[in-house]
Amino acid sequence: MTRVTVRPFGRGDLDAAAALAAEAHRNERERHPVLVEGLAERGEARDMLAKWLENERTDGAAAFDGDVLVGFLMGERMAGAPPDSYMGQLSHPRTIRIGPRDHAVAAGYDATSVSRLLYRELAAGWVAAGYYNHSVHLIEGNERLQEAWFNLGFGRTVSMAVREGTGPVAGAQAGDIEVREAGSEDVEVLVGLARTLGLHHIGSPIFMYWPVLPEHDAMARSLFSSLLEDEGNPHFVAYRDGEPVGLTSFLKQGFFPPYVSPEKNVYLFMGIVEPEAQDGGVGRVLLDRGMAWAREQGYERCSLHVLMANYSGEPFWSANGFQPVEYTLERQIDERVAWARGG
Ligand SMILES: CC(C)(COP(=O)(O)OP(=O)(O)OC[C@H]1O[C@@H](n2cnc3c(N)ncnc32)[C@H](O)[C@@H]1OP(=O)(O)O)[C@@H](O)C(=O)NCCC(=O)NCCS
């Protein structure tokens, strides 16, 4: 076999890359039916890749064995969401995002070495431009590409998990708990519970940047106020002796990536139980109430994001039927490389 070579992705590479992307999508959709149908077609996969090519923030590379395209990689430079919004401040500024359909290696080729060459080609420019945080999204079960990215120093940080069905939650009982749907008068209750969620994520072993400073409370207040104006975003609060002890909330317009179908799929936004009330059934009661609402609305599945280091959230969702569909893998480059060369 000749040595694989890499060069920048060009328009002429679209057909061959789309064929690889569509085939991967077809295979992964058999395992995860919640993936959108369209990308299994070469035409749709080609349109998606062509859009990437036109996007001035996207860089791409293609790998060849002779004249045959055997792999490709595309990544988008994300400068960062507007900083003055509650969700915007949680996303990493200046990050590279590689979606699950933006990278493929043909069968029969060593995914680890081809991915390494492709990443090498693109990462040089990203790091030179000050993009030190790189993330790759993979569909669950793609061990071959996952191995390739693990070997490049990436680690799993987040999963998008889906519960098929909105049936009742087993064992949903907790003494003296009352669940009420929040109205606009309850915004401060939600801000307080969101602070608890932030503190949990800042703590060990998650160490996520989720600030709970006064200026961030103001952002939370405006987020909750606008969500509660709309009927499709219920926030269910659990009370014990009149005190709020937990929250489970849903968004009509969730954070669905474009390759996951939002059809009859409700997005679970926040789930939190105050530490002193945890592990006593409150979370299950709240989820059960949420699922009852979702059934009434005709939803057939529920999706959420959870950090892999979340020692209570991850096992809770998993025990209640949420299965990972997508993983985010992340690498934070050592910024000292910027000056280590000297001169
Ligand atoms: C996840 C959470 C909402 C669950 O609510 P809860 O009232 O504690 O959960 P319940 O008592 O109904 O269910 C208990 C189950 O939750 C999980 N769990 C809760 N606390 C846990 C802990 N400290 N360690 C490990 N698992 C825990 C386990 O799966 C447990 O089942 P088990 O007893 O059979 O092991 C709550 O623990 C919490 O607020 N955690 C911190 C915030 C968070 O992670 N939110 C989710 C963000 S994606």
# chains A, B, ... in the order shown; residues from 1 in each chain; ligands from 1

$ residues_around --residues "Val4 in chain A" --least-positions-apart "5" --cutoff "9 Å" --atoms "only C-alpha atoms" --output "NGL selection string"
:A and (63-66 or 70 or 114 or 117)

$ write_last_selection --atoms "N, CA and C atoms" --output "short mmCIF file (atom, residue, chain, number, x, y, z; two decimals), in the first residue's frame"
data_model
loop_
_atom_site.label_atom_id
_atom_site.label_comp_id
_atom_site.auth_asym_id
_atom_site.auth_seq_id
_atom_site.Cartn_x
_atom_site.Cartn_y
_atom_site.Cartn_z
N ALA A 63 -7.51 13.06 2.76
CA ALA A 63 -6.40 12.10 2.72
C ALA A 63 -6.57 11.21 1.49
N PHE A 64 -5.46 10.93 0.82
CA PHE A 64 -5.49 10.17 -0.43
C PHE A 64 -4.54 9.01 -0.42
N ASP A 65 -5.01 7.93 -1.06
CA ASP A 65 -4.12 6.81 -1.39
C ASP A 65 -4.03 6.88 -2.92
N GLY A 66 -2.93 7.39 -3.44
CA GLY A 66 -2.88 7.70 -4.87
C GLY A 66 -3.88 8.80 -5.15
N VAL A 70 -9.45 8.71 0.84
CA VAL A 70 -9.66 7.64 1.83
C VAL A 70 -10.01 8.21 3.20
N VAL A 114 -4.51 7.66 9.75
CA VAL A 114 -5.08 8.62 8.78
C VAL A 114 -5.63 9.84 9.53
N LEU A 117 -2.83 12.19 10.56
CA LEU A 117 -2.32 13.04 9.48
C LEU A 117 -3.28 14.18 9.16
#

$ select_by_dssp --residues "range 41-240 of chain A" --states "alpha helix (DSSP H)" --output "PDB file with C-alpha atoms, in the first residue's frame"
ATOM      1  CA  ARG A  42     -25.126  11.033  -0.518  1.00  0.00           C
ATOM      2  CA  GLY A  43     -26.888  14.097  -1.929  1.00  0.00           C
ATOM      3  CA  GLU A  44     -27.788  15.448   1.496  1.00  0.00           C
ATOM      4  CA  ALA A  45     -24.377  14.611   2.938  1.00  0.00           C
ATOM      5  CA  ARG A  46     -22.813  16.430  -0.035  1.00  0.00           C
ATOM      6  CA  ASP A  47     -24.978  19.524   0.547  1.00  0.00           C
ATOM      7  CA  MET A  48     -23.900  19.583   4.184  1.00  0.00           C
ATOM      8  CA  LEU A  49     -20.203  19.315   3.314  1.00  0.00           C
ATOM      9  CA  ALA A  50     -20.567  21.896   0.526  1.00  0.00           C
ATOM     10  CA  LYS A  51     -22.014  24.336   3.064  1.00  0.00           C
ATOM     11  CA  TRP A  52     -19.020  23.737   5.264  1.00  0.00           C
ATOM     12  CA  LEU A  53     -16.707  24.525   2.371  1.00  0.00           C
ATOM     13  CA  GLU A  54     -18.450  27.854   1.808  1.00  0.00           C
ATOM     14  CA  ALA A 111      -8.210   5.169  11.221  1.00  0.00           C
ATOM     15  CA  THR A 112      -5.619   6.108  13.843  1.00  0.00           C
ATOM     16  CA  SER A 113      -2.845   6.981  11.423  1.00  0.00           C
ATOM     17  CA  VAL A 114      -5.078   8.615   8.781  1.00  0.00           C
ATOM     18  CA  SER A 115      -6.859  10.730  11.425  1.00  0.00           C
ATOM     19  CA  ARG A 116      -3.516  11.773  12.870  1.00  0.00           C
ATOM     20  CA  LEU A 117      -2.315  13.039   9.479  1.00  0.00           C
ATOM     21  CA  LEU A 118      -5.587  14.888   8.857  1.00  0.00           C
ATOM     22  CA  TYR A 119      -5.601  16.480  12.294  1.00  0.00           C
ATOM     23  CA  ARG A 120      -1.949  17.444  11.963  1.00  0.00           C
ATOM     24  CA  GLU A 121      -2.748  19.317   8.753  1.00  0.00           C
ATOM     25  CA  LEU A 122      -5.552  21.378  10.324  1.00  0.00           C
ATOM     26  CA  ALA A 123      -4.465  21.732  13.951  1.00  0.00           C
ATOM     27  CA  ALA A 124      -1.304  23.646  12.990  1.00  0.00           C
ATOM     28  CA  GLY A 125      -3.409  26.538  11.704  1.00  0.00           C
ATOM     29  CA  TRP A 126      -5.890  26.361  14.566  1.00  0.00           C
ATOM     30  CA  VAL A 127      -3.233  26.555  17.251  1.00  0.00           C
ATOM     31  CA  ALA A 128      -1.369  29.322  15.389  1.00  0.00           C
ATOM     32  CA  GLU A 143     -14.956   2.463  18.461  1.00  0.00           C
ATOM     33  CA  ARG A 144     -12.641   2.846  15.487  1.00  0.00           C
ATOM     34  CA  LEU A 145     -12.731   6.648  15.308  1.00  0.00           C
ATOM     35  CA  GLN A 146     -12.952   6.941  19.074  1.00  0.00           C
ATOM     36  CA  GLU A 147      -9.681   5.033  19.364  1.00  0.00           C
ATOM     37  CA  ALA A 148      -8.132   7.373  16.778  1.00  0.00           C
ATOM     38  CA  TRP A 149      -9.096  10.474  18.785  1.00  0.00           C
ATOM     39  CA  PHE A 150      -8.100   8.952  22.128  1.00  0.00           C
ATOM     40  CA  VAL A 187     -38.121  33.022  38.663  1.00  0.00           C
ATOM     41  CA  GLU A 188     -36.092  33.548  41.878  1.00  0.00           C
ATOM     42  CA  VAL A 189     -36.738  29.912  42.889  1.00  0.00           C
ATOM     43  CA  LEU A 190     -35.319  28.797  39.543  1.00  0.00           C
ATOM     44  CA  VAL A 191     -32.314  31.124  39.856  1.00  0.00           C
ATOM     45  CA  GLY A 192     -31.559  29.555  43.265  1.00  0.00           C
ATOM     46  CA  LEU A 193     -31.792  26.005  41.909  1.00  0.00           C
ATOM     47  CA  ALA A 194     -29.639  26.930  38.887  1.00  0.00           C
ATOM     48  CA  ARG A 195     -26.973  28.175  41.323  1.00  0.00           C
ATOM     49  CA  THR A 196     -26.979  24.741  42.990  1.00  0.00           C
ATOM     50  CA  LEU A 197     -26.579  23.137  39.556  1.00  0.00           C
ATOM     51  CA  GLY A 198     -23.689  25.486  38.770  1.00  0.00           C
ATOM     52  CA  LEU A 199     -21.937  24.735  42.081  1.00  0.00           C
ATOM     53  CA  HIS A 200     -22.277  21.017  41.411  1.00  0.00           C
ATOM     54  CA  HIS A 201     -20.601  21.406  38.011  1.00  0.00           C
ATOM     55  CA  ILE A 202     -17.823  23.645  39.337  1.00  0.00           C
ATOM     56  CA  PRO A 214     -24.162  37.890  41.031  1.00  0.00           C
ATOM     57  CA  GLU A 215     -23.841  39.091  37.422  1.00  0.00           C
ATOM     58  CA  HIS A 216     -24.532  35.537  36.281  1.00  0.00           C
ATOM     59  CA  ASP A 217     -27.692  35.378  38.410  1.00  0.00           C
ATOM     60  CA  ALA A 218     -28.948  38.336  36.391  1.00  0.00           C
ATOM     61  CA  MET A 219     -28.391  36.356  33.179  1.00  0.00           C
ATOM     62  CA  ALA A 220     -30.180  33.337  34.684  1.00  0.00           C
ATOM     63  CA  ARG A 221     -33.106  35.587  35.643  1.00  0.00           C
ATOM     64  CA  SER A 222     -33.556  36.856  32.108  1.00  0.00           C
ATOM     65  CA  LEU A 223     -33.195  33.353  30.625  1.00  0.00           C
ATOM     66  CA  PHE A 224     -35.861  31.857  32.929  1.00  0.00           C
ATOM     67  CA  SER A 225     -38.204  34.831  32.437  1.00  0.00           C
ATOM     68  CA  SER A 226     -38.114  34.416  28.686  1.00  0.00           C
ATOM     69  CA  LEU A 227     -38.489  30.612  28.847  1.00  0.00           C
ATOM     70  CA  LEU A 228     -41.514  30.846  31.124  1.00  0.00           C
TER      71      LEU A 228
END

$ residues_near_ligand --ligand "ligand 1" --cutoff "9 Å" --atoms "only C-alpha atoms and all ligand atoms" --output "PyMOL selection string"
chain A and resi 171-174+196-201+246-248+268-275+277-287+304-307+310-320

$ write_last_selection --atoms "C-alpha atoms" --output "PDB file, in the first residue's frame"
ATOM      1  CA  GLY A 171     -40.022   3.686  41.680  1.00  0.00           C
ATOM      2  CA  ALA A 172     -41.052   7.343  41.517  1.00  0.00           C
ATOM      3  CA  GLN A 173     -41.982   7.892  45.150  1.00  0.00           C
ATOM      4  CA  ALA A 174     -40.676  10.339  47.711  1.00  0.00           C
ATOM      5  CA  THR A 196     -26.979  24.741  42.990  1.00  0.00           C
ATOM      6  CA  LEU A 197     -26.579  23.137  39.556  1.00  0.00           C
ATOM      7  CA  GLY A 198     -23.689  25.486  38.770  1.00  0.00           C
ATOM      8  CA  LEU A 199     -21.937  24.735  42.081  1.00  0.00           C
ATOM      9  CA  HIS A 200     -22.277  21.017  41.411  1.00  0.00           C
ATOM     10  CA  HIS A 201     -20.601  21.406  38.011  1.00  0.00           C
ATOM     11  CA  GLY A 246     -35.524  20.233  43.102  1.00  0.00           C
ATOM     12  CA  LEU A 247     -36.173  21.105  39.482  1.00  0.00           C
ATOM     13  CA  THR A 248     -36.656  19.276  36.199  1.00  0.00           C
ATOM     14  CA  LEU A 268     -34.547  17.933  29.162  1.00  0.00           C
ATOM     15  CA  PHE A 269     -32.765  21.133  30.113  1.00  0.00           C
ATOM     16  CA  MET A 270     -32.075  21.191  33.857  1.00  0.00           C
ATOM     17  CA  GLY A 271     -32.353  18.460  36.475  1.00  0.00           C
ATOM     18  CA  ILE A 272     -31.257  19.294  39.984  1.00  0.00           C
ATOM     19  CA  VAL A 273     -32.062  18.240  43.554  1.00  0.00           C
ATOM     20  CA  GLU A 274     -30.619  20.179  46.500  1.00  0.00           C
ATOM     21  CA  PRO A 275     -27.723  18.176  48.028  1.00  0.00           C
ATOM     22  CA  ALA A 277     -32.514  16.068  49.511  1.00  0.00           C
ATOM     23  CA  GLN A 278     -30.565  13.936  47.002  1.00  0.00           C
ATOM     24  CA  ASP A 279     -30.768  10.174  46.777  1.00  0.00           C
ATOM     25  CA  GLY A 280     -34.216  10.083  48.381  1.00  0.00           C
ATOM     26  CA  GLY A 281     -36.374   9.704  45.260  1.00  0.00           C
ATOM     27  CA  VAL A 282     -37.031  13.393  44.497  1.00  0.00           C
ATOM     28  CA  GLY A 283     -35.229  13.227  41.134  1.00  0.00           C
ATOM     29  CA  ARG A 284     -37.328  10.251  40.034  1.00  0.00           C
ATOM     30  CA  VAL A 285     -40.590  11.938  41.096  1.00  0.00           C
ATOM     31  CA  LEU A 286     -39.649  15.040  39.076  1.00  0.00           C
ATOM     32  CA  LEU A 287     -38.662  13.020  36.009  1.00  0.00           C
ATOM     33  CA  LEU A 304     -30.337  15.614  27.310  1.00  0.00           C
ATOM     34  CA  HIS A 305     -26.647  16.384  27.695  1.00  0.00           C
ATOM     35  CA  VAL A 306     -24.678  15.161  30.682  1.00  0.00           C
ATOM     36  CA  LEU A 307     -21.008  15.413  31.578  1.00  0.00           C
ATOM     37  CA  ASN A 310     -20.962  13.874  36.713  1.00  0.00           C
ATOM     38  CA  TYR A 311     -20.952  11.278  39.497  1.00  0.00           C
ATOM     39  CA  SER A 312     -24.640  11.634  40.394  1.00  0.00           C
ATOM     40  CA  GLY A 313     -26.312  12.885  37.194  1.00  0.00           C
ATOM     41  CA  GLU A 314     -24.776  10.357  34.795  1.00  0.00           C
ATOM     42  CA  PRO A 315     -25.778   7.252  36.818  1.00  0.00           C
ATOM     43  CA  PHE A 316     -29.201   8.760  37.523  1.00  0.00           C
ATOM     44  CA  TRP A 317     -30.057   9.296  33.828  1.00  0.00           C
ATOM     45  CA  SER A 318     -28.595   5.961  32.855  1.00  0.00           C
ATOM     46  CA  ALA A 319     -30.646   4.134  35.530  1.00  0.00           C
ATOM     47  CA  ASN A 320     -33.764   5.872  34.213  1.00  0.00           C
TER      48      ASN A 320
END

$ closest_atom_pairs --of "range 178-274 of chain A" --to "range 156-166 of chain A" --cutoff "12 Å" --atoms "only C-alpha atoms" --output "tab-separated table"
residue	atom	partner	partner_atom	distance
A:Pro205	CA	A:Thr157	CA	11.6
A:Ile206	CA	A:Thr157	CA	9.2
A:Phe207	CA	A:Thr157	CA	11.2
A:Met208	CA	A:Thr157	CA	10.2
A:Gly254	CA	A:Met160	CA	11.7
A:Phe255	CA	A:Met160	CA	9.7
A:Phe256	CA	A:Met160	CA	9.0
A:Pro257	CA	A:Met160	CA	9.5
A:Tyr259	CA	A:Met160	CA	12.0
A:Val260	CA	A:Met160	CA	9.8
A:Ser261	CA	A:Val162	CA	11.0
A:Pro262	CA	A:Val162	CA	11.1
A:Lys264	CA	A:Gly165	CA	10.0
A:Asn265	CA	A:Val162	CA	8.8
A:Val266	CA	A:Thr166	CA	9.4
A:Tyr267	CA	A:Val162	CA	9.2
A:Leu268	CA	A:Val162	CA	9.8
A:Phe269	CA	A:Met160	CA	11.7

$ write_last_selection --atoms "C-alpha atoms" --output "mmCIF file, in the first residue's frame"
data_model
loop_
_atom_site.group_PDB
_atom_site.id
_atom_site.type_symbol
_atom_site.label_atom_id
_atom_site.label_comp_id
_atom_site.auth_asym_id
_atom_site.auth_seq_id
_atom_site.Cartn_x
_atom_site.Cartn_y
_atom_site.Cartn_z
ATOM 1 C CA PRO A 205 -14.423 15.922 39.675
ATOM 2 C CA ILE A 206 -16.259 17.943 37.014
ATOM 3 C CA PHE A 207 -14.506 21.352 37.367
ATOM 4 C CA MET A 208 -16.624 22.934 34.662
ATOM 5 C CA GLY A 254 -33.647 22.057 22.741
ATOM 6 C CA PHE A 255 -29.948 21.895 22.020
ATOM 7 C CA PHE A 256 -30.272 19.315 19.260
ATOM 8 C CA PRO A 257 -27.326 18.950 16.918
ATOM 9 C CA TYR A 259 -27.820 15.147 12.854
ATOM 10 C CA VAL A 260 -30.197 14.216 15.724
ATOM 11 C CA SER A 261 -33.894 14.308 14.929
ATOM 12 C CA PRO A 262 -35.908 16.728 17.109
ATOM 13 C CA LYS A 264 -41.342 14.146 18.929
ATOM 14 C CA ASN A 265 -38.180 14.519 20.968
ATOM 15 C CA VAL A 266 -38.340 16.743 24.040
ATOM 16 C CA TYR A 267 -35.156 18.246 25.431
ATOM 17 C CA LEU A 268 -34.547 17.933 29.162
ATOM 18 C CA PHE A 269 -32.765 21.133 30.113
#

$ select_by_dssp --residues "range 72-182 of chain A" --states "strand (DSSP E)" --output "number ranges by chain"
A: 72-78, 95-98, 103-105, 133-139, 155-164, 178-181

$ closest_residue --among "A:Leu20, A:Pro258, A:Asp102, A:Val179" --to "Glu37 in chain A" --atoms "only C-alpha atoms"
A:Pro258

$ atom_distance --atom1 "CA of Ser91 in chain A" --atom2 "CA of Gln332 in chain A"
14.0 Å

$ atom_distance --atom1 "CA of Ala61 in chain A" --atom2 "CA of Arg3 in chain A"
16.2 Å

$ closest_residue --among "A:Arg57, A:Arg77, A:Gly88, A:Ala104" --to "Ala18 in chain A" --atoms "only C-alpha atoms"
A:Ala104

$ atom_distance --atom1 "CA of Ser135 in chain A" --atom2 "CA of Gly60 in chain A"
14.9 Å

$ closest_residue --among "A:Ala238, A:Ile139, A:Val212, A:Ala79" --to "Arg26 in chain A" --atoms "only C-alpha atoms"
A:Ile139
